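Dumped query26.txt below, it's compact mmCIF, C-alpha atoms:
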```txt
# COMPACT_ATOMS: atom_id res chain seq x y z
CA MET A 1 92.94 159.08 36.38
CA SER A 2 96.10 157.64 37.79
CA GLU A 3 97.33 154.39 39.23
CA THR A 4 97.49 154.79 42.97
CA PRO A 5 99.08 152.72 45.71
CA ASP A 6 95.71 152.38 47.45
CA ASP A 7 94.04 150.45 44.65
CA MET A 8 93.70 146.98 46.06
CA ASP A 9 92.91 144.59 43.23
CA VAL A 10 94.40 141.75 45.30
CA ALA A 11 95.53 142.57 48.83
CA VAL A 12 98.66 140.76 49.97
CA ALA A 13 99.97 140.08 53.45
CA VAL A 14 103.15 141.97 54.23
CA LYS A 15 105.60 142.08 57.08
CA ILE A 16 106.19 145.64 58.26
CA GLY A 17 109.02 146.59 60.56
CA ARG A 18 111.65 149.16 61.29
CA ALA A 19 114.50 149.46 58.84
CA GLY A 20 118.01 149.08 60.22
CA PHE A 21 121.24 149.80 58.32
CA GLU A 22 121.11 146.29 56.89
CA TYR A 23 118.29 147.55 54.66
CA LEU A 24 120.30 150.43 53.16
CA ASP A 25 121.26 148.72 49.91
CA ARG A 26 117.76 147.38 49.38
CA VAL A 27 116.21 150.80 49.99
CA VAL A 28 118.65 152.42 47.57
CA ASP A 29 117.76 149.73 45.04
CA LEU A 30 114.00 150.21 45.51
CA ASP A 31 114.28 153.99 45.22
CA SER A 32 116.51 153.64 42.18
CA GLN A 33 113.97 151.40 40.46
CA ILE A 34 111.20 153.93 41.14
CA THR A 35 113.02 157.17 40.40
CA GLY A 36 115.63 155.92 37.93
CA GLN A 37 118.32 157.67 39.96
CA PRO A 38 120.50 155.86 42.53
CA LYS A 39 121.02 158.08 45.61
CA PRO A 40 123.15 156.05 48.05
CA GLU A 41 124.55 159.07 49.91
CA TYR A 42 121.11 160.58 50.39
CA TRP A 43 119.68 157.35 51.80
CA LYS A 44 122.73 156.77 54.00
CA ASP A 45 122.07 160.17 55.54
CA VAL A 46 118.35 159.36 55.97
CA PHE A 47 119.25 156.07 57.69
CA GLU A 48 121.68 157.84 60.02
CA ARG A 49 119.04 160.38 61.01
CA TYR A 50 115.89 158.27 61.01
CA ALA A 51 116.95 154.70 61.70
CA SER A 52 119.48 155.24 64.46
CA ARG A 53 118.85 158.53 66.30
CA HIS A 54 115.76 159.61 68.25
CA VAL A 55 114.02 156.48 67.06
CA GLU A 56 111.37 156.95 69.72
CA GLU A 57 109.84 159.62 67.49
CA ARG A 58 111.37 158.84 64.11
CA PHE A 59 110.04 155.96 62.07
CA PHE A 60 111.62 154.34 59.05
CA LEU A 61 109.42 151.38 58.17
CA VAL A 62 109.76 148.87 55.36
CA ALA A 63 107.34 146.29 53.97
CA GLU A 64 108.56 142.85 52.99
CA ALA A 65 106.88 139.68 51.82
CA PRO A 66 106.10 137.51 54.90
CA ASP A 67 108.56 134.83 53.82
CA SER A 68 111.30 137.27 52.81
CA LYS A 69 114.81 136.54 54.06
CA ASP A 70 117.08 139.41 53.10
CA GLY A 71 115.05 139.68 49.92
CA ASP A 72 113.68 142.68 48.14
CA ILE A 73 111.59 145.13 50.06
CA LEU A 74 108.18 146.00 48.63
CA GLY A 75 107.80 149.49 50.03
CA LEU A 76 108.85 152.00 52.63
CA ILE A 77 107.53 154.91 54.64
CA VAL A 78 109.47 157.48 56.66
CA GLY A 79 108.16 159.98 59.16
CA GLU A 80 108.88 161.76 62.39
CA VAL A 81 107.34 163.87 65.10
CA ARG A 82 107.90 167.57 64.64
CA GLY A 83 106.67 170.17 67.01
CA PHE A 84 106.31 173.88 67.47
CA GLU A 85 107.21 174.78 63.89
CA PHE A 86 104.82 177.34 62.41
CA GLY A 87 102.87 177.44 65.66
CA SER A 88 101.95 173.76 65.42
CA LYS A 89 101.54 171.40 68.31
CA PRO A 90 103.73 168.29 67.92
CA CYS A 91 102.41 166.19 65.05
CA GLY A 92 103.52 163.33 62.86
CA TRP A 93 105.05 164.18 59.49
CA ILE A 94 105.32 161.67 56.68
CA PHE A 95 107.92 162.72 54.17
CA ALA A 96 108.52 159.60 52.11
CA VAL A 97 106.31 156.74 50.96
CA SER A 98 107.16 154.41 48.11
CA VAL A 99 105.84 151.11 46.84
CA HIS A 100 107.57 149.11 44.15
CA PRO A 101 105.61 149.52 40.88
CA ASP A 102 105.17 145.74 40.55
CA SER A 103 103.68 145.55 44.04
CA ARG A 104 101.16 148.40 43.75
CA GLN A 105 97.41 147.88 43.97
CA ARG A 106 98.00 145.30 46.70
CA GLY A 107 97.33 147.39 49.79
CA ILE A 108 101.02 147.77 50.69
CA GLY A 109 100.92 151.57 50.75
CA GLU A 110 97.87 151.47 52.96
CA ALA A 111 99.51 148.94 55.31
CA LEU A 112 102.60 151.18 55.63
CA PHE A 113 100.47 154.28 56.21
CA THR A 114 98.40 152.48 58.85
CA ALA A 115 101.55 151.20 60.55
CA ILE A 116 103.20 154.61 60.85
CA CYS A 117 99.93 156.18 62.08
CA ASP A 118 99.79 153.46 64.75
CA GLU A 119 103.37 154.33 65.76
CA PHE A 120 102.42 158.01 66.07
CA ARG A 121 99.30 157.17 68.09
CA GLN A 122 101.30 155.02 70.51
CA ILE A 123 103.41 158.02 71.51
CA GLY A 124 100.40 160.28 71.92
CA ILE A 125 100.38 162.03 68.57
CA VAL A 126 96.88 162.85 67.33
CA LYS A 127 97.57 164.53 63.97
CA VAL A 128 99.54 163.41 60.95
CA ARG A 129 100.62 165.65 58.08
CA THR A 130 102.45 165.47 54.81
CA MET A 131 103.13 167.68 51.80
CA VAL A 132 102.55 166.70 48.18
CA GLN A 133 103.19 168.41 44.88
CA ARG A 134 100.05 169.47 43.05
CA GLU A 135 101.39 167.79 39.92
CA ASP A 136 101.77 164.46 41.70
CA PRO A 137 98.34 162.79 41.40
CA LEU A 138 99.76 159.42 42.49
CA HIS A 139 100.58 160.55 46.01
CA MET A 140 97.74 163.10 46.18
CA SER A 141 95.20 160.37 45.42
CA PHE A 142 96.87 157.94 47.80
CA PHE A 143 96.82 160.27 50.81
CA ARG A 144 93.27 161.36 49.97
CA SER A 145 92.13 157.75 49.85
CA GLU A 146 93.62 157.21 53.30
CA GLY A 147 91.42 160.00 54.64
CA MET A 148 93.85 162.92 54.61
CA VAL A 149 92.39 166.33 53.76
CA ALA A 150 93.87 169.79 53.24
CA GLY A 151 95.28 171.10 56.50
CA PRO A 152 95.21 174.55 58.07
CA TYR A 153 98.49 175.70 56.52
CA ILE A 154 99.22 177.10 53.08
CA GLN A 155 102.72 176.77 51.71
CA PHE A 156 104.18 179.99 50.27
CA GLU A 157 107.20 180.51 48.09
CA MET A 158 108.85 183.26 46.11
CA SER A 159 111.34 183.21 43.29
CA LEU A 160 114.62 184.92 44.15
CA GLU A 161 115.66 185.19 40.53
CA ASP A 162 113.29 188.00 39.42
CA MET B 163 81.13 173.86 40.71
CA GLN B 164 78.04 173.92 38.52
CA LYS B 165 74.84 172.16 39.53
CA SER B 166 75.12 169.57 36.74
CA SER B 167 78.60 168.57 37.89
CA ARG B 168 77.41 168.22 41.47
CA LEU B 169 74.40 166.12 40.42
CA ALA B 170 76.62 163.91 38.28
CA ILE B 171 78.93 163.26 41.24
CA TYR B 172 75.99 162.39 43.52
CA ALA B 173 74.50 160.13 40.87
CA LEU B 174 77.77 158.30 40.23
CA MET B 175 78.38 157.87 43.96
CA GLU B 176 74.92 156.38 44.30
CA LEU B 177 75.43 153.97 41.42
CA ALA B 178 78.98 152.99 42.41
CA ALA B 179 77.86 152.29 45.97
CA ASN B 180 75.18 149.93 44.66
CA PRO B 181 76.86 147.95 41.89
CA ASP B 182 74.26 145.18 41.93
CA ARG B 183 71.25 147.44 41.44
CA GLN B 184 69.66 149.45 38.66
CA ILE B 185 68.72 152.84 40.09
CA SER B 186 66.25 155.22 38.47
CA ALA B 187 66.79 158.95 38.03
CA SER B 188 63.67 159.62 40.10
CA GLU B 189 65.06 157.60 43.03
CA ILE B 190 68.30 159.60 42.99
CA GLY B 191 66.37 162.83 42.45
CA GLU B 192 64.24 162.13 45.49
CA LYS B 193 67.27 161.51 47.70
CA TYR B 194 69.04 164.70 46.64
CA ARG B 195 65.88 166.81 46.25
CA VAL B 196 66.36 167.59 42.56
CA SER B 197 64.15 167.11 39.52
CA SER B 198 64.52 163.83 37.66
CA HIS B 199 64.23 165.89 34.47
CA HIS B 200 67.51 167.66 35.28
CA LEU B 201 69.09 164.37 36.31
CA ALA B 202 68.00 162.75 33.03
CA LYS B 203 70.02 165.37 31.13
CA VAL B 204 73.02 164.68 33.37
CA PHE B 205 72.69 160.94 32.71
CA ILE B 206 72.80 161.55 28.97
CA SER B 207 76.24 163.14 29.35
CA LEU B 208 77.40 160.37 31.69
CA GLY B 209 76.19 157.75 29.24
CA ARG B 210 78.05 159.40 26.37
CA ALA B 211 81.20 159.36 28.51
CA GLY B 212 80.76 155.63 29.09
CA LEU B 213 80.30 156.01 32.83
CA VAL B 214 76.75 154.66 33.08
CA GLN B 215 74.46 152.41 31.13
CA SER B 216 70.69 152.41 31.22
CA ILE B 217 68.29 149.49 31.23
CA ARG B 218 64.77 150.32 30.09
CA GLY B 219 61.54 148.84 31.34
CA VAL B 220 60.18 147.66 34.68
CA GLY B 221 62.98 147.39 37.22
CA GLY B 222 65.23 149.31 34.89
CA GLY B 223 67.42 152.25 35.68
CA TYR B 224 71.07 153.19 35.54
CA SER B 225 74.20 151.32 36.55
CA PHE B 226 77.82 152.41 36.91
CA THR B 227 80.22 151.22 34.23
CA GLY B 228 83.30 153.24 35.18
CA ASN B 229 86.19 152.43 37.50
CA ALA B 230 85.49 153.99 40.89
CA LYS B 231 89.16 153.78 41.89
CA ARG B 232 90.25 155.73 38.83
CA LEU B 233 87.44 158.18 38.17
CA THR B 234 88.20 161.55 39.77
CA LEU B 235 85.95 164.49 40.49
CA LEU B 236 87.91 166.45 37.89
CA ASP B 237 87.11 163.83 35.24
CA ILE B 238 83.41 164.27 36.01
CA ILE B 239 83.42 168.06 36.31
CA SER B 240 85.26 168.32 32.99
CA LEU B 241 82.28 166.69 31.28
CA PHE B 242 80.06 169.61 32.23
CA GLU B 243 82.22 172.72 32.44
CA ASP B 244 85.38 174.37 31.20
CA THR B 245 87.67 173.98 34.20
CA SER B 246 90.02 176.71 32.99
CA SER B 247 87.27 179.33 32.68
CA ALA B 248 87.85 180.69 36.18
CA CYS B 249 91.07 182.35 35.08
CA LYS B 250 90.96 183.75 31.58
CA LEU B 251 92.04 187.11 30.33
CA ASN B 252 89.80 188.55 27.64
CA ASP B 253 92.70 189.81 25.56
CA PRO B 254 96.15 189.03 27.03
CA SER B 255 97.88 191.37 24.56
CA LYS B 256 95.95 194.35 25.99
CA ALA B 257 95.77 193.26 29.63
CA THR B 258 96.95 195.78 32.22
CA ASP B 259 99.29 194.99 35.12
CA GLU B 260 96.26 195.10 37.40
CA GLU B 261 94.47 192.53 35.27
CA TRP B 262 97.56 190.31 35.20
CA VAL B 263 97.85 190.45 38.99
CA MET B 264 94.21 189.45 39.37
CA PHE B 265 94.74 186.73 36.77
CA ASP B 266 97.66 185.32 38.78
CA ILE B 267 95.52 185.22 41.93
CA SER B 268 92.62 183.53 40.13
CA LYS B 269 95.01 181.02 38.60
CA GLU B 270 96.53 180.22 42.00
CA ILE B 271 93.08 179.46 43.41
CA ASN B 272 92.00 177.55 40.32
CA ASP B 273 95.17 175.43 40.27
CA MET B 274 94.54 174.43 43.87
CA ALA B 275 90.92 173.54 43.11
CA LEU B 276 91.88 171.46 40.08
CA ALA B 277 94.57 169.59 42.03
CA THR B 278 92.04 168.84 44.76
CA TYR B 279 89.34 167.64 42.38
CA GLY B 280 91.91 165.64 40.42
CA SER B 281 93.05 163.74 43.50
CA ILE B 282 89.67 162.58 44.78
CA THR B 283 88.17 159.47 43.24
CA ILE B 284 84.63 158.17 43.54
CA ALA B 285 86.02 155.32 45.67
CA THR B 286 87.64 157.85 48.03
CA LEU B 287 84.35 159.76 48.30
CA LEU B 288 82.50 156.56 49.19
CA LYS B 289 85.09 155.79 51.89
CA GLN B 290 84.56 159.26 53.36
CA VAL B 291 80.78 158.83 53.29
CA ASP B 292 81.13 155.48 55.04
CA ARG B 293 83.47 156.91 57.67
CA ARG B 294 81.17 159.87 58.30
CA GLY B 295 78.21 157.51 58.68
CA ARG B 296 80.06 155.33 61.19
CA ILE B 297 81.13 158.35 63.24
CA ARG B 298 77.58 159.73 63.21
CA ALA B 299 76.18 156.33 64.26
CA ALA B 300 78.75 156.01 67.04
CA LYS B 301 77.86 159.47 68.35
CA SER B 302 74.15 158.77 68.31
CA ASP B 303 74.42 155.52 70.30
CA GLY B 304 77.15 156.78 72.62
CA SER B 305 79.78 154.21 71.63
CA PRO B 306 83.42 155.26 71.02
CA ALA B 307 83.98 156.90 67.66
CA LEU B 308 85.27 154.49 65.05
CA THR B 309 88.48 155.13 63.18
```
Encoded form using structure tokens:
Amino acid sequence: MSETPDDMDVAVAVKIGRAGFEYLDRVVDLDSQITGQPKPEYWKDVFERYASRHVEERFFLVAEAPDSKDGDILGLIVGEVRGFEFGSKPCGWIFAVSVHPDSRQRGIGEALFTAICDEFRQIGIVKVRTMVQREDPLHMSFFRSEGMVAGPYIQFEMSLED
Amino acid sequence: MQKSSRLAIYALMELAANPDRQISASEIGEKYRVSSHHLAKVFISLGRAGLVQSIRGVGGGYSFTGNAKRLTLLDIISLFEDTSSACKLNDPSKATDEEWVMFDISKEINDMALATYGSITIATLLKQVDRRGRIRAAKSDGSPALT
């Protein structure tokens, strides 16, 4: 039984929009608060790839309080359209979703998920996918609660150390 | 999944979907075509786990006392069965390579099942039931499917 971003004890209104480079420091700060590890170079690279190039099919969205002016962001979601890998038709992939721990259970994760799905729909994408670790009940429960189910692919791996 | 686990999940869904009502075992049994006797045994386990409470007398029945947003299928199944039993070696010290290989395969499948059950809450199940009902209703009256 875990605390999940979908648990809406009190839903709050949020402003969701695309993240430009002006959000870099705030995203690094949010991620650092969640993971305990600042990764400025990693996020700079993500911004360069997902906030400035091919933005017609790459989406880096952030959630802010409606009255926020350069204030803290409450959450983020990042995804893109990928096609023809593993025999797949083009589909939307979500590869990052985070909500600040103090802002969870307020519907922010759901609002971000809904927003990126709307972006995918608007460019004709009809399927959205993600990948989650089995030992990550927080995100597993969140995506399940949003209606996601196991897809047609199974991920394989093999140790190269044996 | 054993029958008791399945009945417990149905019963809890029914109670959680109707938080203002007391529902009898016979009413749930009728809906899911199972004996109320079997359901009564299931309710004893659910009561011991603090997930339901019963009110006796006319108009009595069971009500849900858990947290639907937190309670997962794995939590419920674990009340009725040993979730690791699908992959056990009788005597690991004497197991052959063949038995170890089969153990690894069983464990892979079991790990996936446990992760799935552990990620689905009663609240998520109720959302899926609601969505399925809306899609079925939309199909039957010819209106566009709801999302």
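Closest approach to chain A among B:Leu251, B:Leu241, B:Asn229, B:Arg296 is made by B:Asn229 (distances from all atoms listed in the file).
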Excluding range 44-56 of chain A and its own-chain neighbours fewer than 4 positions away, which residues fall within 12 Å of it when counting all atoms listed in the file? Please give them as an MDAnalysis selection string. chainID A and resid 17:28 38:40 60:62 77:82 94:96 119:120 122:124
For chain A, report every residue with an atom at most 6 Å from chain B (counting only C-alpha atoms), formatted as a list in words. Met1, Arg134, Pro137, Met140, Ser141 and Ser145 of chain A
Mind writing the picked residues with C-alpha atoms as a short mmCIF file (atom, residue, chain, number, x, y, z; two decimals), in the frame of the given file?
```cif
data_model
loop_
_atom_site.label_atom_id
_atom_site.label_comp_id
_atom_site.auth_asym_id
_atom_site.auth_seq_id
_atom_site.Cartn_x
_atom_site.Cartn_y
_atom_site.Cartn_z
CA MET A 1 92.94 159.08 36.38
CA ARG A 134 100.05 169.47 43.05
CA PRO A 137 98.34 162.79 41.40
CA MET A 140 97.74 163.10 46.18
CA SER A 141 95.20 160.37 45.42
CA SER A 145 92.13 157.75 49.85
#
```
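Put simply, CA of Ile185 in chain B is 5.1 Å away from CA of Tyr224 in chain B.
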Report, in Å with one decimal, the straight-line distance from CA of Asp182 in chain B to CA of Ala13 in chain A. 28.6 Å
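The space between CA of Glu110 in chain A and CA of Val12 in chain A spans 11.1 Å.
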What's around Cys91 in chain A at 8 Å? Count only C-alpha atoms, leave out sequence neighbours fewer than 6 positions away in its own chain, and write the answer as a VMD selection string. chain A and resid 81 to 83 125 to 129
Ala211 in chain B: which residues within 12 Å, counting all atoms listed in the file, same-chain residues fewer than 6 positions away excluded, as a PyMOL selection string? chain B and resi 170+204-205+226-228+233+237-242
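Nearest to Ser186 in chain B of all the residues B:Ile171, B:Val291, B:Leu213, B:Ala202 is B:Ala202, counting all atoms listed in the file.
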Mind completing range 191-202 of chain B with all heavy atoms? Output as a CSV table (one decimal), keeping the file's coordinate frame, please?
```csv
chain,number,residue,atom,x,y,z
B,191,GLY,N,66.9,161.5,42.3
B,191,GLY,CA,66.4,162.8,42.4
B,191,GLY,C,65.7,163.0,43.8
B,191,GLY,O,65.8,164.1,44.4
B,192,GLU,N,65.0,162.0,44.2
B,192,GLU,CA,64.2,162.1,45.5
B,192,GLU,C,65.2,162.3,46.7
B,192,GLU,O,65.1,163.1,47.6
B,192,GLU,CB,63.4,160.9,45.7
B,192,GLU,CG,62.3,161.0,46.8
B,192,GLU,CD,61.4,159.8,46.8
B,192,GLU,OE1,61.1,159.3,45.7
B,192,GLU,OE2,61.1,159.3,47.9
B,193,LYS,N,66.3,161.5,46.6
B,193,LYS,CA,67.3,161.5,47.7
B,193,LYS,C,68.0,162.9,47.8
B,193,LYS,O,68.2,163.4,48.9
B,193,LYS,CB,68.3,160.4,47.5
B,193,LYS,CG,69.4,160.4,48.6
B,193,LYS,CD,70.3,159.2,48.5
B,193,LYS,CE,71.4,159.3,49.6
B,193,LYS,NZ,72.3,158.1,49.6
B,194,TYR,N,68.3,163.4,46.6
B,194,TYR,CA,69.0,164.7,46.6
B,194,TYR,C,68.2,165.9,46.4
B,194,TYR,O,68.7,167.0,46.2
B,194,TYR,CB,70.2,164.6,45.6
B,194,TYR,CG,71.2,163.6,46.0
B,194,TYR,CD1,71.2,162.3,45.4
B,194,TYR,CD2,72.1,163.8,47.1
B,194,TYR,CE1,72.1,161.3,45.9
B,194,TYR,CE2,73.0,162.8,47.5
B,194,TYR,CZ,73.0,161.6,46.9
B,194,TYR,OH,73.9,160.6,47.3
B,195,ARG,N,66.9,165.7,46.4
B,195,ARG,CA,65.9,166.8,46.2
B,195,ARG,C,66.1,167.6,45.0
B,195,ARG,O,66.1,168.8,45.0
B,195,ARG,CB,66.0,167.7,47.5
B,195,ARG,CG,65.8,167.0,48.8
B,195,ARG,CD,66.1,167.8,50.0
B,195,ARG,NE,67.4,168.3,50.0
B,195,ARG,CZ,68.5,167.7,50.4
B,195,ARG,NH1,68.4,166.4,50.7
B,195,ARG,NH2,69.7,168.2,50.3
B,196,VAL,N,66.2,166.9,43.9
B,196,VAL,CA,66.4,167.6,42.6
B,196,VAL,C,65.4,166.9,41.6
B,196,VAL,O,65.0,165.8,41.8
B,196,VAL,CB,67.8,167.5,42.0
B,196,VAL,CG1,68.7,168.3,42.9
B,196,VAL,CG2,68.3,166.1,41.9
B,197,SER,N,65.1,167.7,40.5
B,197,SER,CA,64.2,167.1,39.5
B,197,SER,C,64.8,166.0,38.7
B,197,SER,O,66.0,166.1,38.3
B,197,SER,CB,63.7,168.2,38.6
B,197,SER,OG,64.7,168.5,37.6
B,198,SER,N,64.0,164.9,38.5
B,198,SER,CA,64.5,163.8,37.7
B,198,SER,C,64.7,164.3,36.2
B,198,SER,O,65.5,163.7,35.5
B,198,SER,CB,63.6,162.6,37.7
B,198,SER,OG,62.3,163.0,37.4
B,199,HIS,N,64.0,165.3,35.8
B,199,HIS,CA,64.2,165.9,34.5
B,199,HIS,C,65.7,166.4,34.3
B,199,HIS,O,66.4,166.1,33.3
B,199,HIS,CB,63.2,167.0,34.2
B,199,HIS,CG,63.4,167.7,32.9
B,199,HIS,ND1,63.1,167.0,31.7
B,199,HIS,CD2,63.8,168.9,32.5
B,199,HIS,CE1,63.3,167.8,30.7
B,199,HIS,NE2,63.8,169.0,31.2
B,200,HIS,N,66.1,167.2,35.3
B,200,HIS,CA,67.5,167.7,35.3
B,200,HIS,C,68.5,166.5,35.3
B,200,HIS,O,69.5,166.5,34.6
B,200,HIS,CB,67.7,168.6,36.5
B,200,HIS,CG,69.0,169.4,36.3
B,200,HIS,ND1,69.2,170.6,37.0
B,200,HIS,CD2,70.1,169.3,35.6
B,200,HIS,CE1,70.4,171.1,36.7
B,200,HIS,NE2,70.9,170.3,35.8
B,201,LEU,N,68.2,165.5,36.2
B,201,LEU,CA,69.1,164.4,36.3
B,201,LEU,C,69.2,163.6,35.0
B,201,LEU,O,70.2,163.1,34.6
B,201,LEU,CB,68.6,163.5,37.4
B,201,LEU,CG,69.2,163.6,38.8
B,201,LEU,CD1,68.5,162.8,39.8
B,201,LEU,CD2,70.7,163.3,38.8
B,202,ALA,N,68.0,163.5,34.3
B,202,ALA,CA,68.0,162.8,33.0
B,202,ALA,C,69.0,163.4,32.0
B,202,ALA,O,69.7,162.6,31.3
B,202,ALA,CB,66.6,162.7,32.5
```
